[in-house]
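Below: the structure, in structure tokens.
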Amino acid sequence: DGGITQSPKYLFRKEGQNVTLSCEQNLNHDAMYWYRQDPGQGLRLIYYSQIVNDFQKGDIAEGYSVSREKKESFPLTVTSAQKNPTAFYLCASSEFAGTTDTQYFGPGTRLTVL
Amino acid sequence: AQSVAQPEDQVNVAEGNPLTVKCTYSVSGNPYLFWYVQYPNRGLQFLLKYITGDNLVKGSYGFEAEFNKSQTSFHLKKPSALVSDSALYFCAVSPPGGYQKVTFGTGTKLQVIP
């Protein structure tokens, strides 16, 4: 988990609320990623960013939004449009966005909708 | 489209015995293959990757994996399992060329029995 921090560790949301998950890295990596992890489904890509001020949708972007205003930060907002947001959210970074690059993961945020 | 399969949801092995966690993949062209490990309520940690060259890849914590192109497999192995190896293991694949997203398997839970 070294070099990537996620906060908070646990987050509770009421229905209809937007919440923002924080992800910060001090590895000087260009690329950053957000994944959602559900039991038995592995990791699914929500959004990724290859460089500052640029990001692309992943496989399950609906109901989520991101920004990449600084190289070290890639916050994820879970909006009220996301119908089933309860999950474990993982942020990752890699030096570049190439297909051979190792991804380094943060410790995760567990989001629960009340 | 690329895919990766981990056919076993769980693998049980006695401490001191060799372990194998299976992974097969489907991708156009030569694949890049990864293994990650996840301990409970933590992010994923990189174990090893195959890019090119020797089919036997050695990684962290005594793990190794063998790339078999004819069988499209990349099984993770360790000669002697430790109780501390108990965790969730993910195989991942990315295709060659440019940036394309990594696809993760659904994970295999390894239980090492004392």
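Convention: chains lettered A, B, ... in structure tokens order; per-chain residue numbering from 1; ligands numbered from 1 as shown.
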Write out as a Markdown table the residues of chain A that have any atom within 9 Å of an atom of chain B, one row each with the nearest atom pair and its distance in Å to one decimal, counting only C-alpha atoms, sorted by chain and then rising number.
| residue | atom | partner | partner_atom | distance |
| --- | --- | --- | --- | --- |
| A:Asp1 | CA | B:Gly43 | CA | 6.4 |
| A:Pro39 | CA | B:Thr106 | CA | 8.5 |
| A:Gly40 | CA | B:Thr106 | CA | 5.8 |
| A:Gln41 | CA | B:Thr106 | CA | 5.0 |
| A:Gly42 | CA | B:Thr106 | CA | 3.8 |
| A:Leu43 | CA | B:Phe104 | CA | 6.0 |
| A:Arg44 | CA | B:Phe104 | CA | 7.7 |
| A:Leu45 | CA | B:Lys101 | CA | 8.2 |
| A:Tyr48 | CA | B:Lys101 | CA | 8.9 |
| A:Gln50 | CA | B:Tyr99 | CA | 9.0 |
| A:Gly58 | CA | B:Lys101 | CA | 8.2 |
| A:Phe88 | CA | B:Asn41 | CA | 8.6 |
| A:Leu90 | CA | B:Gly43 | CA | 6.6 |
| A:Cys91 | CA | B:Gly43 | CA | 8.4 |
| A:Ala92 | CA | B:Gly43 | CA | 8.8 |
| A:Ala97 | CA | B:Tyr99 | CA | 5.9 |
| A:Gly98 | CA | B:Tyr99 | CA | 5.0 |
| A:Thr99 | CA | B:Tyr99 | CA | 5.6 |
| A:Thr100 | CA | B:Tyr32 | CA | 6.3 |
| A:Thr102 | CA | B:Phe46 | CA | 7.2 |
| A:Gln103 | CA | B:Phe46 | CA | 7.4 |
| A:Tyr104 | CA | B:Gln45 | CA | 6.9 |
| A:Phe105 | CA | B:Gly43 | CA | 5.4 |
| A:Gly106 | CA | B:Gly43 | CA | 5.3 |
| A:Pro107 | CA | B:Gly43 | CA | 4.2 |
| A:Gly108 | CA | B:Gly43 | CA | 5.7 |
| A:Thr109 | CA | B:Asn41 | CA | 8.9 |
| A:Arg110 | CA | B:Asn41 | CA | 8.5 |
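For Val11 (chain B), the non-local neighbours within 10 Å, defined as residues at least 6 positions apart in the same chain or in other chains and counting only C-alpha atoms, are B:Leu19, B:Thr20, B:Val21, B:Lys22, B:Ser86, B:Leu88, B:Thr108, B:Lys109, B:Leu110, B:Gln111, B:Val112.
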Go ahead and write the residues just picked, N, CA, C and O atoms, as a PDB file, in the first residue's frame.
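The resulting file, again-v2.pdb, is reproduced below:
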ATOM      1  N   LEU B  19       1.970 -25.255  -3.560  1.00  0.00           N
ATOM      2  CA  LEU B  19       0.667 -24.716  -3.925  1.00  0.00           C
ATOM      3  C   LEU B  19       0.663 -24.263  -5.380  1.00  0.00           C
ATOM      4  O   LEU B  19       1.691 -23.856  -5.930  1.00  0.00           O
ATOM      5  N   THR B  20      -0.515 -24.357  -5.991  1.00  0.00           N
ATOM      6  CA  THR B  20      -0.733 -23.853  -7.341  1.00  0.00           C
ATOM      7  C   THR B  20      -2.067 -23.134  -7.374  1.00  0.00           C
ATOM      8  O   THR B  20      -3.072 -23.678  -6.920  1.00  0.00           O
ATOM      9  N   VAL B  21      -2.065 -21.932  -7.921  1.00  0.00           N
ATOM     10  CA  VAL B  21      -3.298 -21.182  -8.164  1.00  0.00           C
ATOM     11  C   VAL B  21      -3.387 -20.974  -9.676  1.00  0.00           C
ATOM     12  O   VAL B  21      -2.476 -20.412 -10.281  1.00  0.00           O
ATOM     13  N   LYS B  22      -4.484 -21.422 -10.259  1.00  0.00           N
ATOM     14  CA  LYS B  22      -4.576 -21.488 -11.711  1.00  0.00           C
ATOM     15  C   LYS B  22      -5.134 -20.215 -12.336  1.00  0.00           C
ATOM     16  O   LYS B  22      -5.983 -19.533 -11.765  1.00  0.00           O
ATOM     17  N   SER B  86      -2.019 -17.256   3.151  1.00  0.00           N
ATOM     18  CA  SER B  86      -3.472 -17.258   3.035  1.00  0.00           C
ATOM     19  C   SER B  86      -3.969 -15.868   2.675  1.00  0.00           C
ATOM     20  O   SER B  86      -3.732 -14.899   3.410  1.00  0.00           O
ATOM     21  N   LEU B  88      -6.271 -13.615  -0.873  1.00  0.00           N
ATOM     22  CA  LEU B  88      -6.995 -13.648  -2.138  1.00  0.00           C
ATOM     23  C   LEU B  88      -6.023 -13.283  -3.253  1.00  0.00           C
ATOM     24  O   LEU B  88      -5.339 -12.257  -3.168  1.00  0.00           O
ATOM     25  N   THR B 108      -8.927 -15.953  -6.467  1.00  0.00           N
ATOM     26  CA  THR B 108      -8.915 -17.278  -5.843  1.00  0.00           C
ATOM     27  C   THR B 108      -8.469 -17.120  -4.396  1.00  0.00           C
ATOM     28  O   THR B 108      -7.407 -16.533  -4.140  1.00  0.00           O
ATOM     29  N   LYS B 109      -9.281 -17.616  -3.490  1.00  0.00           N
ATOM     30  CA  LYS B 109      -8.919 -17.555  -2.079  1.00  0.00           C
ATOM     31  C   LYS B 109      -8.030 -18.733  -1.740  1.00  0.00           C
ATOM     32  O   LYS B 109      -8.420 -19.892  -1.945  1.00  0.00           O
ATOM     33  N   LEU B 110      -6.859 -18.459  -1.259  1.00  0.00           N
ATOM     34  CA  LEU B 110      -5.922 -19.501  -0.847  1.00  0.00           C
ATOM     35  C   LEU B 110      -5.975 -19.637   0.665  1.00  0.00           C
ATOM     36  O   LEU B 110      -5.804 -18.656   1.389  1.00  0.00           O
ATOM     37  N   GLN B 111      -6.234 -20.849   1.105  1.00  0.00           N
ATOM     38  CA  GLN B 111      -6.259 -21.148   2.535  1.00  0.00           C
ATOM     39  C   GLN B 111      -5.152 -22.158   2.818  1.00  0.00           C
ATOM     40  O   GLN B 111      -5.179 -23.275   2.301  1.00  0.00           O
ATOM     41  N   VAL B 112      -4.179 -21.750   3.608  1.00  0.00           N
ATOM     42  CA  VAL B 112      -3.103 -22.656   3.994  1.00  0.00           C
ATOM     43  C   VAL B 112      -3.401 -23.158   5.397  1.00  0.00           C
ATOM     44  O   VAL B 112      -3.520 -22.370   6.332  1.00  0.00           O
TER      45      VAL B 112
END
Residues at most 10 Å from region 15-30 of chain A, counting only C-alpha atoms, excluding those fewer than 6 positions away in the same chain, as a VMD selection string?
chain A and resid 2 to 9 49 to 52 63 to 66 70 to 85 89 to 97 103 to 111 113 to 114
Could you pull the residues within 6 Å of region 57-67 of chain B, counting only C-alpha atoms, minus those fewer than 5 positions along the same chain, as a PyMOL selection string?
chain B and resi 47-48+74-78
Output N, CA, C and O atoms for every residue in that selection, as a short mmCIF file (atom, residue, chain, number, x, y, z; two decimals), in the first residue's frame.
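Dumped everything to out.cif:
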data_model
loop_
_atom_site.label_atom_id
_atom_site.label_comp_id
_atom_site.auth_asym_id
_atom_site.auth_seq_id
_atom_site.Cartn_x
_atom_site.Cartn_y
_atom_site.Cartn_z
N LEU B 47 2.75 -9.12 -7.13
CA LEU B 47 3.61 -10.26 -6.88
C LEU B 47 4.64 -10.46 -7.99
O LEU B 47 5.83 -10.63 -7.73
N LEU B 48 4.15 -10.50 -9.23
CA LEU B 48 5.05 -10.74 -10.36
C LEU B 48 4.32 -10.46 -11.66
O LEU B 48 3.09 -10.32 -11.67
N PHE B 74 -1.16 -19.16 -16.96
CA PHE B 74 -0.15 -18.44 -16.19
C PHE B 74 -0.39 -18.79 -14.72
O PHE B 74 -0.79 -17.98 -13.92
N HIS B 75 -0.10 -20.02 -14.36
CA HIS B 75 -0.38 -20.52 -13.02
C HIS B 75 0.65 -20.02 -12.01
O HIS B 75 1.86 -20.01 -12.29
N LEU B 76 0.17 -19.67 -10.85
CA LEU B 76 1.02 -19.20 -9.76
C LEU B 76 1.41 -20.39 -8.89
O LEU B 76 0.56 -21.21 -8.54
N LYS B 77 2.68 -20.43 -8.50
CA LYS B 77 3.16 -21.58 -7.73
C LYS B 77 4.10 -21.14 -6.61
O LYS B 77 4.70 -20.07 -6.67
N LYS B 78 4.18 -22.02 -5.61
CA LYS B 78 5.14 -21.83 -4.55
C LYS B 78 5.52 -23.20 -4.02
O LYS B 78 4.62 -24.03 -3.80
#
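Relative to CA of Ala87 (chain B), CA of Leu56 (chain B) is found at 22.4 Å.
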Hey, can you check how far CA of Glu62 (chain A) sits from CA of Ile46 (chain A)?
8.3 Å
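Distance-wise, CA of Met32 (chain A) and CA of Asp59 (chain A) end up 15.2 Å apart.
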Would you kindly return, as a short mmCIF file (atom, residue, chain, number, x, y, z; two decimals) with N, CA and C atoms, in the first residue's frame, each protein, DNA or RNA residue with an atom no farther than 7 Å from any atom of Ser73 (chain B), considering only C-alpha atoms and excluding same-chain residues fewer than 3 positions away?
data_model
loop_
_atom_site.label_atom_id
_atom_site.label_comp_id
_atom_site.auth_asym_id
_atom_site.auth_seq_id
_atom_site.Cartn_x
_atom_site.Cartn_y
_atom_site.Cartn_z
N CYS B 23 -4.64 -19.94 -13.54
CA CYS B 23 -5.10 -18.79 -14.32
C CYS B 23 -4.99 -19.11 -15.79
N THR B 24 -6.04 -18.88 -16.54
CA THR B 24 -5.98 -18.97 -17.99
C THR B 24 -6.47 -17.65 -18.57
N TYR B 25 -6.05 -17.35 -19.78
CA TYR B 25 -6.35 -16.04 -20.34
C TYR B 25 -6.75 -16.16 -21.80
N PHE B 67 4.50 -19.09 -17.60
CA PHE B 67 3.73 -18.71 -18.77
C PHE B 67 3.75 -19.87 -19.76
N ASN B 68 2.58 -20.33 -20.17
CA ASN B 68 2.46 -21.41 -21.13
C ASN B 68 1.57 -20.92 -22.27
N LYS B 69 2.22 -20.57 -23.37
CA LYS B 69 1.48 -19.96 -24.47
C LYS B 69 0.52 -20.94 -25.13
#
List every residue of chain B that DSSP, applied to the backbone of this structure, assigns to helix (DSSP H, G or I), and report them as a ChimeraX atom specification.
/B:60-62,83-85
Can you tell me, as a PyMOL selection string, which residues in region 21-92 of chain B count as strand (DSSP E or B) by DSSP?
chain B and resi 21+24-26+32-38+44-50+56-58+64-68+73-78+87-92
Next, the residues of the selection above should be written as a PDB file, in the first residue's frame with C-alpha atoms.
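Output (result.pdb):
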ATOM      1  CA  VAL B  21      -3.298 -21.182  -8.164  1.00  0.00           C
ATOM      2  CA  THR B  24      -5.985 -18.970 -17.995  1.00  0.00           C
ATOM      3  CA  TYR B  25      -6.347 -16.038 -20.343  1.00  0.00           C
ATOM      4  CA  SER B  26      -7.665 -14.990 -23.719  1.00  0.00           C
ATOM      5  CA  TYR B  32       1.179  -9.232 -20.483  1.00  0.00           C
ATOM      6  CA  LEU B  33       0.260 -11.151 -17.352  1.00  0.00           C
ATOM      7  CA  PHE B  34       0.248 -10.208 -13.695  1.00  0.00           C
ATOM      8  CA  TRP B  35      -0.389 -11.724 -10.281  1.00  0.00           C
ATOM      9  CA  TYR B  36      -1.526  -9.656  -7.317  1.00  0.00           C
ATOM     10  CA  VAL B  37      -2.333 -10.659  -3.738  1.00  0.00           C
ATOM     11  CA  GLN B  38      -4.903  -9.100  -1.428  1.00  0.00           C
ATOM     12  CA  LEU B  44      -3.789  -5.399  -3.853  1.00  0.00           C
ATOM     13  CA  GLN B  45      -0.048  -5.982  -3.774  1.00  0.00           C
ATOM     14  CA  PHE B  46       1.974  -6.810  -6.868  1.00  0.00           C
ATOM     15  CA  LEU B  47       3.612 -10.264  -6.877  1.00  0.00           C
ATOM     16  CA  LEU B  48       5.050 -10.738 -10.357  1.00  0.00           C
ATOM     17  CA  LYS B  49       4.510 -10.162 -14.052  1.00  0.00           C
ATOM     18  CA  TYR B  50       5.346 -11.711 -17.387  1.00  0.00           C
ATOM     19  CA  LEU B  56       9.263 -18.911 -15.595  1.00  0.00           C
ATOM     20  CA  VAL B  57       8.865 -15.674 -13.695  1.00  0.00           C
ATOM     21  CA  LYS B  58      10.024 -15.293 -10.105  1.00  0.00           C
ATOM     22  CA  GLU B  64       6.733 -17.925  -9.206  1.00  0.00           C
ATOM     23  CA  ALA B  65       4.540 -18.335 -12.255  1.00  0.00           C
ATOM     24  CA  GLU B  66       4.939 -20.167 -15.519  1.00  0.00           C
ATOM     25  CA  PHE B  67       3.731 -18.709 -18.774  1.00  0.00           C
ATOM     26  CA  ASN B  68       2.458 -21.410 -21.135  1.00  0.00           C
ATOM     27  CA  SER B  73      -2.093 -20.310 -18.841  1.00  0.00           C
ATOM     28  CA  PHE B  74      -0.154 -18.437 -16.189  1.00  0.00           C
ATOM     29  CA  HIS B  75      -0.382 -20.522 -13.016  1.00  0.00           C
ATOM     30  CA  LEU B  76       1.020 -19.197  -9.756  1.00  0.00           C
ATOM     31  CA  LYS B  77       3.159 -21.582  -7.732  1.00  0.00           C
ATOM     32  CA  LYS B  78       5.145 -21.826  -4.546  1.00  0.00           C
ATOM     33  CA  ALA B  87      -5.068 -14.462   1.026  1.00  0.00           C
ATOM     34  CA  LEU B  88      -6.995 -13.648  -2.138  1.00  0.00           C
ATOM     35  CA  TYR B  89      -4.992 -13.936  -5.338  1.00  0.00           C
ATOM     36  CA  PHE B  90      -5.811 -12.150  -8.577  1.00  0.00           C
ATOM     37  CA  CYS B  91      -4.529 -12.874 -12.041  1.00  0.00           C
ATOM     38  CA  ALA B  92      -4.639 -10.039 -14.587  1.00  0.00           C
TER      39      ALA B  92
END
